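Q: I am sharing my_file15.pdb, which consists of PDB, C-alpha atoms:
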```pdb
ATOM      1  CA  MET A 116     133.697-131.815  12.602
ATOM      2  CA  ARG A 117     136.763-130.271  11.013
ATOM      3  CA  CYS A 118     136.681-127.078   8.923
ATOM      4  CA  ALA A 119     137.468-128.822   5.603
ATOM      5  CA  ARG A 120     134.510-131.152   6.055
ATOM      6  CA  ALA A 121     132.298-128.313   7.222
ATOM      7  CA  LEU A 122     133.173-126.237   4.139
ATOM      8  CA  LYS A 123     132.386-129.170   1.860
ATOM      9  CA  ALA A 124     129.048-129.562   3.595
ATOM     10  CA  ILE A 125     128.365-125.848   3.126
ATOM     11  CA  ASP A 126     129.293-126.042  -0.579
ATOM     12  CA  ARG A 127     126.822-128.882  -1.036
ATOM     13  CA  MET A 128     123.949-126.990   0.576
ATOM     14  CA  ASP A 129     121.571-125.430  -1.893
ATOM     15  CA  LEU A 130     119.385-124.263   1.029
ATOM     16  CA  ARG A 131     116.329-124.538  -1.149
ATOM     17  CA  GLU A 132     114.061-126.199   1.330
ATOM     18  CA  THR A 133     115.668-125.589   4.677
ATOM     19  CA  ARG A 134     118.289-123.345   6.195
ATOM     20  CA  ASP A 135     118.963-125.849   8.925
ATOM     21  CA  PRO A 136     122.625-126.874   8.620
ATOM     22  CA  GLY A 137     122.056-130.105  10.561
ATOM     23  CA  SER A 138     123.225-130.841  14.067
ATOM     24  CA  ALA A 139     126.875-131.743  13.390
ATOM     25  CA  LEU A 140     127.528-128.712  11.202
ATOM     26  CA  ALA A 141     125.522-126.421  13.488
ATOM     27  CA  GLU A 142     127.705-127.433  16.402
ATOM     28  CA  HIS A 143     130.836-126.674  14.392
ATOM     29  CA  LEU A 144     129.457-123.309  13.258
ATOM     30  CA  THR A 145     128.897-122.161  16.821
ATOM     31  CA  SER A 146     132.569-122.722  17.610
ATOM     32  CA  CYS A 147     134.147-121.655  14.259
ATOM     33  CA  PRO A 148     133.565-118.059  13.146
ATOM     34  CA  ASP A 149     135.215-118.628   9.721
ATOM     35  CA  CYS A 150     132.892-121.479   8.812
ATOM     36  CA  ALA A 151     129.942-119.591  10.276
ATOM     37  CA  ARG A 152     130.791-116.684   7.960
ATOM     38  CA  GLU A 153     130.932-119.052   4.971
ATOM     39  CA  PHE A 154     127.546-120.424   5.922
ATOM     40  CA  ARG A 155     126.101-116.883   6.069
ATOM     41  CA  ARG A 156     127.646-116.111   2.691
ATOM     42  CA  GLN A 157     126.166-119.265   1.224
ATOM     43  CA  ALA A 158     122.713-118.278   2.498
ATOM     44  CA  ALA A 159     123.140-114.774   1.035
ATOM     45  CA  LEU A 160     124.252-116.227  -2.290
ATOM     46  CA  MET A 161     121.194-118.465  -2.394
ATOM     47  CA  ASP A 162     118.997-115.414  -1.769
ATOM     48  CA  LEU A 163     120.716-113.645  -4.646
ATOM     49  CA  LEU A 164     120.273-116.597  -6.979
ATOM     50  CA  GLY A 165     116.797-117.303  -5.754
ATOM     51  CA  ARG A 166     115.029-114.616  -7.754
ATOM     52  CA  GLY A 167     112.993-116.554 -10.268
ATOM     53  CA  ASP A 168     112.029-113.655 -12.500
ATOM     54  CA  PRO A 169     112.221-114.295 -16.242
ATOM     55  CA  PRO A 170     115.354-112.831 -17.837
ATOM     56  CA  GLY A 171     113.758-109.867 -19.523
ATOM     57  CA  GLU A 172     110.868-109.761 -21.926
ATOM     58  CA  ILE A 173     110.314-112.970 -23.875
ATOM     59  CA  PRO A 174     110.147-112.154 -27.587
ATOM     60  CA  ASP A 175     107.575-113.818 -29.854
ATOM     61  CA  LEU A 176     109.762-116.236 -31.789
ATOM     62  CA  ALA A 177     107.035-117.874 -33.880
ATOM     63  CA  PRO A 178     107.127-115.490 -36.900
ATOM     64  CA  ALA A 179     110.921-115.727 -37.170
ATOM     65  CA  VAL A 180     110.903-119.534 -36.790
ATOM     66  CA  LEU A 181     108.179-119.955 -39.429
ATOM     67  CA  ARG A 182     110.086-117.647 -41.800
ATOM     68  CA  CYS A 183     113.158-119.888 -41.479
ATOM     69  CA  LEU A 184     111.327-123.065 -42.470
ATOM     70  CA  PRO A 185     112.099-124.448 -45.942
ATOM     71  CA  PRO A 186     109.489-123.382 -48.544
ATOM     72  CA  ARG A 187     106.326-125.406 -48.529
ATOM     73  CA  ARG A 188     105.961-127.773 -51.505
ATOM     74  CA  THR A 189     102.645-127.227 -53.309
ATOM     75  CA  TYR A 190     100.421-130.018 -54.647
ATOM     76  CA  ARG A 191     101.168-128.985 -58.236
ATOM     77  CA  GLU A 192     104.905-128.989 -57.500
ATOM     78  CA  SER A 193     104.700-132.416 -55.879
ATOM     79  CA  LEU A 194     102.815-133.688 -58.936
ATOM     80  CA  ARG A 195     105.599-132.338 -61.143
ATOM     81  CA  TRP A 196     108.197-134.205 -59.074
ATOM     82  CA  VAL A 197     106.222-137.454 -59.315
ATOM     83  CA  ALA A 198     105.857-137.046 -63.087
ATOM     84  CA  ALA A 199     109.587-136.368 -63.467
ATOM     85  CA  ALA A 200     110.443-139.444 -61.412
ATOM     86  CA  ALA A 201     108.054-141.578 -63.491
ATOM     87  CA  LEU A 202     109.591-140.298 -66.728
ATOM     88  CA  ALA A 203     113.089-141.015 -65.473
ATOM     89  CA  LEU A 204     112.062-144.555 -64.537
ATOM     90  CA  ALA A 205     110.433-145.097 -67.934
ATOM     91  CA  ALA A 206     113.577-143.857 -69.694
ATOM     92  CA  LEU A 207     115.706-146.235 -67.642
ATOM     93  CA  GLY A 208     113.397-149.154 -68.470
ATOM     94  CA  LEU A 209     113.413-148.336 -72.167
ATOM     95  CA  GLY A 210     117.200-148.078 -72.137
ATOM     96  CA  TYR A 211     117.436-151.472 -70.511
ATOM     97  CA  VAL A 212     115.103-153.144 -73.027
ATOM     98  CA  LEU A 213     116.893-151.570 -76.008
ATOM     99  CA  GLY A 214     120.256-152.553 -74.582
ATOM    100  CA  ARG A 215     119.166-156.176 -74.228
ATOM    101  CA  ALA A 216     117.792-156.249 -77.767
ATOM    102  CA  TRP A 217     120.987-154.796 -79.183
ATOM    103  CA  ALA A 218     123.125-157.297 -77.274
ATOM    104  CA  ALA A 219     121.027-160.198 -78.593
ATOM    105  CA  ALA A 220     121.335-158.974 -82.193
ATOM    106  CA  ASP A 221     125.075-158.439 -81.824
ATOM    107  CA  SER A 222     125.770-161.914 -80.412
ATOM    108  CA  SER A 223     124.126-163.641 -83.422
ATOM    109  CA  SER A 224     126.592-161.998 -85.872
ATOM    110  CA  ALA A 225     129.692-162.256 -83.708
ATOM    111  CA  PRO A 226     132.338-164.936 -84.425
ATOM    112  CA  SER A 227     132.014-168.148 -82.473
ATOM    113  CA  GLY A 228     134.502-169.237 -79.847
ATOM    114  CA  ALA A 229     136.088-171.862 -82.179
ATOM    115  CA  MET A 230     136.593-169.295 -84.914
ATOM    116  CA  MET A 231     138.253-166.901 -82.528
ATOM    117  CA  THR A 232     140.593-169.654 -81.257
ATOM    118  CA  ALA A 233     141.678-170.530 -84.785
ATOM    119  CA  TYR A 234     142.268-166.878 -85.625
ATOM    120  CA  GLY A 235     144.387-166.428 -82.523
ATOM    121  CA  GLN A 236     146.390-169.567 -83.298
ATOM    122  CA  ALA A 237     147.141-168.332 -86.800
ATOM    123  CA  LEU A 238     148.461-165.047 -85.495
ATOM    124  CA  ALA A 239     150.579-166.850 -82.897
ATOM    125  CA  ASP A 240     152.137-169.147 -85.481
ATOM    126  CA  GLU A 241     153.068-166.291 -87.691
ATOM    127  CA  PRO A 242     152.958-162.953 -85.918
ATOM    128  CA  PHE A 243     153.451-160.952 -89.113
ATOM    129  CA  GLY A 244     151.220-163.172 -91.221
ATOM    130  CA  SER A 245     148.615-161.728 -93.464
ATOM    131  CA  LEU A 246     144.949-161.641 -92.728
ATOM    132  CA  GLU A 247     144.332-163.942 -95.669
ATOM    133  CA  ARG A 248     146.397-166.623 -93.987
ATOM    134  CA  ALA A 249     144.537-166.224 -90.786
ATOM    135  CA  TYR A 250     141.295-166.342 -92.697
ATOM    136  CA  SER A 251     142.303-169.569 -94.372
ATOM    137  CA  GLY A 252     142.746-171.078 -90.935
ATOM    138  CA  LEU A 253     139.192-170.189 -90.130
ATOM    139  CA  ARG A 254     137.796-171.762 -93.303
ATOM    140  CA  PRO A 255     139.378-175.108 -93.932
ATOM    141  CA  GLY A 256     139.389-176.157 -97.571
ATOM    142  CA  VAL A 257     139.602-172.650 -98.937
ATOM    143  CA  GLU A 258     143.052-171.843-100.244
ATOM    144  CA  THR A 259     143.644-168.145-100.333
ATOM    145  CA  VAL A 260     147.387-167.778 -99.977
ATOM    146  CA  SER A 261     150.263-169.450-101.791
ATOM    147  CA  ASP A 262     153.379-168.470 -99.932
ATOM    148  CA  GLY A 263     155.068-171.866-100.104
ATOM    149  CA  ARG A 264     153.483-173.201 -96.999
ATOM    150  CA  SER A 265     150.603-175.551 -96.999
ATOM    151  CA  GLY A 266     147.311-174.560 -95.458
ATOM    152  CA  PRO A 267     145.659-176.557 -92.788
TER     153      PRO A 267
ATOM    154  CA  MET B 132     103.319-132.272 -32.094
ATOM    155  CA  ALA B 133     101.660-134.953 -34.219
ATOM    156  CA  ARG B 134     100.363-132.221 -36.526
ATOM    157  CA  ALA B 135     103.810-130.656 -36.770
ATOM    158  CA  ALA B 136     105.216-134.075 -37.667
ATOM    159  CA  VAL B 137     103.092-134.140 -40.831
ATOM    160  CA  GLY B 138     104.211-130.661 -41.847
ATOM    161  CA  ASP B 139     101.560-128.457 -40.231
ATOM    162  CA  ARG B 140     103.269-125.096 -39.845
ATOM    163  CA  ASP B 141     100.475-123.590 -37.807
ATOM    164  CA  ALA B 142     100.973-126.378 -35.273
ATOM    165  CA  LEU B 143     104.650-125.480 -35.036
ATOM    166  CA  GLY B 144     103.689-121.849 -34.472
ATOM    167  CA  ILE B 145     101.475-122.923 -31.571
ATOM    168  CA  LEU B 146     104.292-125.065 -30.129
ATOM    169  CA  VAL B 147     106.756-122.179 -30.386
ATOM    170  CA  ARG B 148     104.439-119.807 -28.537
ATOM    171  CA  ARG B 149     103.729-122.409 -25.889
ATOM    172  CA  HIS B 150     107.350-123.299 -25.150
ATOM    173  CA  GLN B 151     109.384-120.251 -26.177
ATOM    174  CA  SER B 152     109.658-118.816 -22.669
ATOM    175  CA  GLY B 153     111.398-121.931 -21.296
ATOM    176  CA  VAL B 154     113.752-122.229 -24.258
ATOM    177  CA  TYR B 155     114.578-118.526 -24.432
ATOM    178  CA  SER B 156     115.049-118.256 -20.677
ATOM    179  CA  ILE B 157     117.773-120.930 -20.557
ATOM    180  CA  ALA B 158     119.554-119.498 -23.593
ATOM    181  CA  ARG B 159     119.341-115.918 -22.321
ATOM    182  CA  ARG B 160     120.571-116.789 -18.857
ATOM    183  CA  TYR B 161     123.427-118.898 -20.134
ATOM    184  CA  LEU B 162     124.544-116.726 -23.045
ATOM    185  CA  GLY B 163     123.737-113.382 -21.473
ATOM    186  CA  ASP B 164     122.869-111.803 -24.795
ATOM    187  CA  GLY B 165     119.321-111.322 -25.993
ATOM    188  CA  SER B 166     119.876-111.546 -29.735
ATOM    189  CA  GLU B 167     122.122-114.585 -29.403
ATOM    190  CA  ALA B 168     119.565-116.227 -27.163
ATOM    191  CA  GLU B 169     116.912-115.571 -29.820
ATOM    192  CA  ASP B 170     119.154-117.235 -32.420
ATOM    193  CA  VAL B 171     119.589-120.294 -30.217
ATOM    194  CA  ALA B 172     115.884-120.485 -29.413
ATOM    195  CA  GLN B 173     114.954-120.273 -33.099
ATOM    196  CA  GLU B 174     117.524-122.928 -33.929
ATOM    197  CA  ALA B 175     116.071-125.157 -31.197
ATOM    198  CA  PHE B 176     112.586-124.936 -32.719
ATOM    199  CA  LEU B 177     113.927-125.557 -36.220
ATOM    200  CA  ARG B 178     115.646-128.691 -34.915
ATOM    201  CA  LEU B 179     112.374-129.713 -33.323
ATOM    202  CA  TRP B 180     110.645-129.248 -36.702
ATOM    203  CA  GLU B 181     113.269-131.370 -38.476
ATOM    204  CA  ALA B 182     113.015-134.101 -35.851
ATOM    205  CA  ALA B 183     109.230-133.918 -35.481
ATOM    206  CA  ALA B 184     108.633-137.125 -37.448
ATOM    207  CA  ARG B 185     111.027-139.015 -35.160
ATOM    208  CA  TYR B 186     109.691-137.534 -31.922
ATOM    209  CA  ARG B 187     108.326-140.078 -29.444
ATOM    210  CA  PRO B 188     105.631-138.774 -27.113
ATOM    211  CA  GLU B 189     106.999-140.801 -24.172
ATOM    212  CA  LYS B 190     109.534-138.018 -23.719
ATOM    213  CA  PRO B 191     107.871-134.798 -22.495
ATOM    214  CA  LEU B 192     108.268-132.017 -25.012
ATOM    215  CA  PRO B 193     109.637-129.398 -22.551
ATOM    216  CA  ALA B 194     112.405-131.804 -21.512
ATOM    217  CA  TYR B 195     113.131-132.595 -25.161
ATOM    218  CA  LEU B 196     113.369-128.893 -25.996
ATOM    219  CA  ARG B 197     115.562-128.231 -22.970
ATOM    220  CA  THR B 198     117.987-130.913 -24.172
ATOM    221  CA  ILE B 199     118.239-129.290 -27.603
ATOM    222  CA  THR B 200     118.657-125.827 -26.075
ATOM    223  CA  VAL B 201     121.347-126.837 -23.575
ATOM    224  CA  ASN B 202     123.341-128.591 -26.295
ATOM    225  CA  LEU B 203     123.092-125.590 -28.597
ATOM    226  CA  CYS B 204     124.205-123.274 -25.780
ATOM    227  CA  LEU B 205     127.148-125.455 -24.787
ATOM    228  CA  ASP B 206     128.206-125.670 -28.439
ATOM    229  CA  ARG B 207     128.752-121.937 -28.337
ATOM    230  CA  ARG B 208     131.940-122.221 -26.374
ATOM    231  CA  ARG B 209     132.900-118.610 -26.180
ATOM    232  CA  ARG B 210     132.609-116.661 -22.956
ATOM    233  CA  PRO B 211     129.127-115.228 -22.577
ATOM    234  CA  ALA B 212     128.161-111.652 -22.014
ATOM    235  CA  LEU B 213     126.740-110.899 -18.581
ATOM    236  CA  VAL B 214     124.327-113.557 -17.414
ATOM    237  CA  PRO B 215     120.984-111.903 -16.688
ATOM    238  CA  ILE B 216     119.506-113.096 -13.408
ATOM    239  CA  ALA B 217     116.371-111.011 -13.412
ATOM    240  CA  ASP B 218     114.580-108.626 -15.682
ATOM    241  CA  PRO B 219     116.707-105.437 -15.707
ATOM    242  CA  GLY B 220     113.497-103.454 -16.021
ATOM    243  CA  ALA B 221     112.191-104.992 -12.843
ATOM    244  CA  ILE B 222     115.329-103.919 -10.989
ATOM    245  CA  GLN B 223     115.287-100.439 -12.520
ATOM    246  CA  GLY B 224     111.687-100.091 -11.433
ATOM    247  CA  THR B 225     112.862 -99.928  -7.862
ATOM    248  CA  SER B 226     116.065 -98.052  -8.570
ATOM    249  CA  ASP B 227     114.692 -94.789  -7.205
ATOM    250  CA  SER B 228     115.371 -95.995  -3.729
ATOM    251  CA  GLU B 229     118.736 -96.812  -2.239
ATOM    252  CA  ALA B 230     117.615-100.415  -1.869
ATOM    253  CA  GLY B 231     116.858-100.578  -5.583
ATOM    254  CA  LEU B 232     120.320 -99.332  -6.487
ATOM    255  CA  LEU B 233     121.882-101.822  -4.140
ATOM    256  CA  ALA B 234     119.812-104.654  -5.637
ATOM    257  CA  ALA B 235     120.843-103.664  -9.169
ATOM    258  CA  GLU B 236     124.479-103.492  -8.085
ATOM    259  CA  ARG B 237     124.291-106.939  -6.486
ATOM    260  CA  GLN B 238     122.642-108.421  -9.561
ATOM    261  CA  GLU B 239     125.300-106.958 -11.808
ATOM    262  CA  ALA B 240     128.088-108.352  -9.633
ATOM    263  CA  LEU B 241     126.428-111.753  -9.648
ATOM    264  CA  GLN B 242     126.104-111.621 -13.440
ATOM    265  CA  LYS B 243     129.808-110.906 -13.782
ATOM    266  CA  ALA B 244     130.753-113.715 -11.400
ATOM    267  CA  LEU B 245     128.503-116.181 -13.234
ATOM    268  CA  ALA B 246     129.949-115.202 -16.586
ATOM    269  CA  ASP B 247     133.407-116.091 -15.268
ATOM    270  CA  LEU B 248     132.425-119.661 -14.354
ATOM    271  CA  PRO B 249     133.449-122.562 -16.623
ATOM    272  CA  PRO B 250     130.656-123.501 -19.067
ATOM    273  CA  ALA B 251     129.460-126.683 -17.326
ATOM    274  CA  GLN B 252     129.354-125.006 -13.898
ATOM    275  CA  ARG B 253     127.598-121.969 -15.343
ATOM    276  CA  MET B 254     125.003-124.151 -17.070
ATOM    277  CA  ALA B 255     124.510-126.151 -13.867
ATOM    278  CA  VAL B 256     123.808-122.940 -11.924
ATOM    279  CA  VAL B 257     121.466-121.670 -14.651
ATOM    280  CA  LEU B 258     119.483-124.910 -14.744
ATOM    281  CA  PHE B 259     119.381-125.689 -11.032
ATOM    282  CA  HIS B 260     119.322-122.303  -9.315
ATOM    283  CA  LEU B 261     117.899-119.933 -11.907
ATOM    284  CA  GLU B 262     115.527-122.269 -13.769
ATOM    285  CA  GLY B 263     114.710-124.193 -10.610
ATOM    286  CA  LEU B 264     115.089-127.641 -12.170
ATOM    287  CA  PRO B 265     115.741-130.700  -9.981
ATOM    288  CA  VAL B 266     119.314-131.887  -9.743
ATOM    289  CA  ALA B 267     118.439-135.113 -11.611
ATOM    290  CA  GLU B 268     117.138-133.124 -14.600
ATOM    291  CA  THR B 269     120.178-130.821 -14.410
ATOM    292  CA  ALA B 270     122.406-133.909 -14.524
ATOM    293  CA  ARG B 271     120.491-135.375 -17.477
ATOM    294  CA  LEU B 272     120.754-132.140 -19.441
ATOM    295  CA  LEU B 273     124.475-131.886 -18.763
ATOM    296  CA  ASP B 274     124.860-135.552 -19.678
ATOM    297  CA  VAL B 275     126.518-136.398 -16.367
ATOM    298  CA  GLY B 276     125.552-138.414 -13.317
ATOM    299  CA  VAL B 277     123.730-136.878 -10.374
ATOM    300  CA  LYS B 278     126.881-136.938  -8.222
ATOM    301  CA  ALA B 279     128.842-135.136 -10.929
ATOM    302  CA  ALA B 280     126.108-132.520 -11.262
ATOM    303  CA  GLU B 281     126.121-131.986  -7.489
ATOM    304  CA  SER B 282     129.876-131.619  -7.609
ATOM    305  CA  LEU B 283     129.614-129.033 -10.409
ATOM    306  CA  LEU B 284     127.080-127.087  -8.348
ATOM    307  CA  SER B 285     129.219-127.266  -5.200
ATOM    308  CA  ARG B 286     132.274-125.957  -7.018
ATOM    309  CA  ALA B 287     130.232-123.233  -8.672
ATOM    310  CA  ARG B 288     128.750-122.103  -5.350
ATOM    311  CA  ARG B 289     132.157-121.992  -3.675
ATOM    312  CA  SER B 290     133.588-120.045  -6.573
ATOM    313  CA  LEU B 291     130.707-117.575  -6.485
ATOM    314  CA  ARG B 292     131.056-117.167  -2.713
ATOM    315  CA  GLU B 293     134.738-116.351  -3.102
ATOM    316  CA  LYS B 294     134.167-113.874  -5.913
ATOM    317  CA  LEU B 295     131.247-112.182  -4.211
ATOM    318  CA  ALA B 296     132.598-112.304  -0.639
ATOM    319  CA  ASP B 297     132.400-108.538  -0.109
ATOM    320  CA  LEU B 298     128.905-108.384  -1.466
ATOM    321  CA  LEU B 299     127.630-111.311   0.553
ATOM    322  CA  ASP B 300     129.025-110.164   3.945
TER     323      ASP B 300
END
```
Show me, as structure tokens, the structure contained in the file I just sent.
A:
Amino acid sequence: MRCARALKAIDRMDLRETRDPGSALAEHLTSCPDCAREFRRQAALMDLLGRGDPPGEIPDLAPAVLRCLPPRRTYRESLRWVAAAALALAALGLGYVLGRAWAAADSSSAPSGAMMTAYGQALADEPFGSLERAYSGLRPGVETVSDGRSGP
Amino acid sequence: MARAAVGDRDALGILVRRHQSGVYSIARRYLGDGSEAEDVAQEAFLRLWEAAARYRPEKPLPAYLRTITVNLCLDRRRRPALVPIADPGAIQGTSDSEAGLLAAERQEALQKALADLPPAQRMAVVLFHLEGLPVAETARLLDVGVKAAESLLSRARRSLREKLADLLD
């Protein structure tokens, strides 16, 4: 075994269960004082790391953790939230119903599509024409304007 | 845990007292500072509280808490203070004798050498050598494969041997 391989083998050894380097490495260690020294150092390092004592006194963390929790929601507070949500939903529903009713009422008094087309045509024929002329286009048979042109 | 999941604070208190030593120990050994370790440990339990409803009992709670703690520690990227290996009080208890002084001196040197390691190597040493976890669990906590964890440990051990050569001879 060469030194580079022996050193890698030593690095890998955690020496937790056995201090036996294995036959191939052991043979190398007997003939190589440098690697033997590294093996001794590794064993000493493992002894140093091996102390399993807890790192100082363990503080009681429970009071501090419980203090950091978000405030508990009471039953009365939860009830208030439910009531507020219900009210908001009711308001939304009412708004929707009223909106629909208003839209229905509005559509019955709005001009029909044919009326709007005629009004648009009148404006296109005579961009600066009066409203009376446009109106006459919407109501055939009713003469409202006498500007020299004949109505529809 | 099931009680904590439905908002039982007393249950969380019991969980904290049952598992605080494991959580605090990792944080203290990695960060090297008691108050910072307390912050991390508290944060770990608060995360547990937030995730309690999603917790699946197939995963053991200590392992779950270790995962949270390791991630919180590694998120604190700055260099740690000295990494405590053993209770300083326990060392001082024997410091009357020459052997006690020597032990304290060796522990202090080791703490300094550990604090100089890169974060992943330091955490690997904390988990495997100081906490005594298996290499597979160390790998899982570091989110690497077993071979990569072994490699981290090998490099850490070589680095420590070089830094502590005088002490170890």
Q: Could you expand the PyMOL selection byres ((chain B) within 8 of (chain A)) into the explicit residues it covers here, written as number ranges by chain?
A: B: 140, 143-145, 147-148, 151-152, 155-156, 159-160, 169, 172-174, 176-177, 215-220, 237-238, 241, 260-263, 281-282, 284-286, 288-289, 291-292, 296, 299-300
Q: Which value, in Å to one decimal, gives the distance between atom CA of A:Gly208 and atom CA of A:Trp196?
A: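 Computing the Euclidean distance for atom CA of A:Gly208 and atom CA of A:Trp196 yields 18.4 Å.
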Q: Between atom CA of A:Ala119 and atom CA of A:Ser138, what is the spacing in Å?
A: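 Separating atom CA of A:Ser138 from atom CA of A:Ala119 is a distance of 16.7 Å.
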Q: What is the atom CA of B:Gly276 to atom CA of B:Val201 distance in Å?
A: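 Between atom CA of B:Gly276 and atom CA of B:Val201 the gap is 16.0 Å.
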